[in-house]
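Structure, as structure tokens:
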Amino acid sequence: MSYVTLEVEIDRGRVVAKEPGRLPDRGSGLLTILQTDEDSQPQLTPLQALDALQKHLKLDAGKAAEWMDGVRDARR
């Protein structure tokens, strides 16, 4: 079994795939509706997200460097 996840837009009840070329000629599937929340936090840039993560984990520059070394070693 294989599957593909596609981003879709919903316009007045009609579902439109943002990348229709990835759809098979025939098939069936499930659709999960992700509702936007107007009160949610604004999107962060990757750099802002990293900064927020470092603050949350209380990583100073030295601890952040150690963490990056650990990630680099784990990828080898």
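Note on naming: chains are A, B, ... as they come in the structure tokens, residues start from 1 per chain, ligands start from 1 in the order shown.
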>> So that I can see what lies close to A:Arg22, please list as a PyMOL selection string the residues with an atom at most 8 Å from it, counting only C-alpha atoms and leaving out residues fewer than 2 positions away in the same chain.
In response: chain A and resi 4+6+19-20+24
Quiz prompt | Long-range neighbours of stretch 8-16 of chain A as a count of residues only, 12 Å cut-off, only C-alpha atoms, 5 positions minimum in chain | solution = 8
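What separates atom CA of A:Gly70 from atom CA of A:Thr45 is a distance of 23.8 Å.
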Quiz prompt | Contacts of A:Leu50 at 12 Å (only C-alpha atoms; same-chain gap of 6+ positions) as a PyMOL selection string | solution = chain A and resi 44+56-59+64+68
Just write the chosen residues, C-alpha atoms, as a PDB file, in the first residue's frame.
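Heads up, here's the output in part_9.pdb:
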```pdb
ATOM      1  CA  LEU A  44       7.588  32.363  12.801  1.00  0.00           C
ATOM      2  CA  HIS A  56      12.549  27.557  25.932  1.00  0.00           C
ATOM      3  CA  LEU A  57      15.336  25.003  26.476  1.00  0.00           C
ATOM      4  CA  LYS A  58      17.413  27.653  28.281  1.00  0.00           C
ATOM      5  CA  LEU A  59      20.368  27.107  25.935  1.00  0.00           C
ATOM      6  CA  ALA A  64      23.630  25.440  21.879  1.00  0.00           C
ATOM      7  CA  MET A  68      24.602  21.165  17.500  1.00  0.00           C
TER       8      MET A  68
END
```
Quiz item: If you run DSSP on this backbone, which residues of chain A come out as strand (DSSP E), and could you give them as a ChimeraX atom specification?
Solution: /A:8-11,14-17
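Shortest separation to A:Gly29 among A:Thr5, A:Gln54, A:Gln43, A:Gln48 occurs at residue A:Thr5, atoms counted being only C-alpha atoms.
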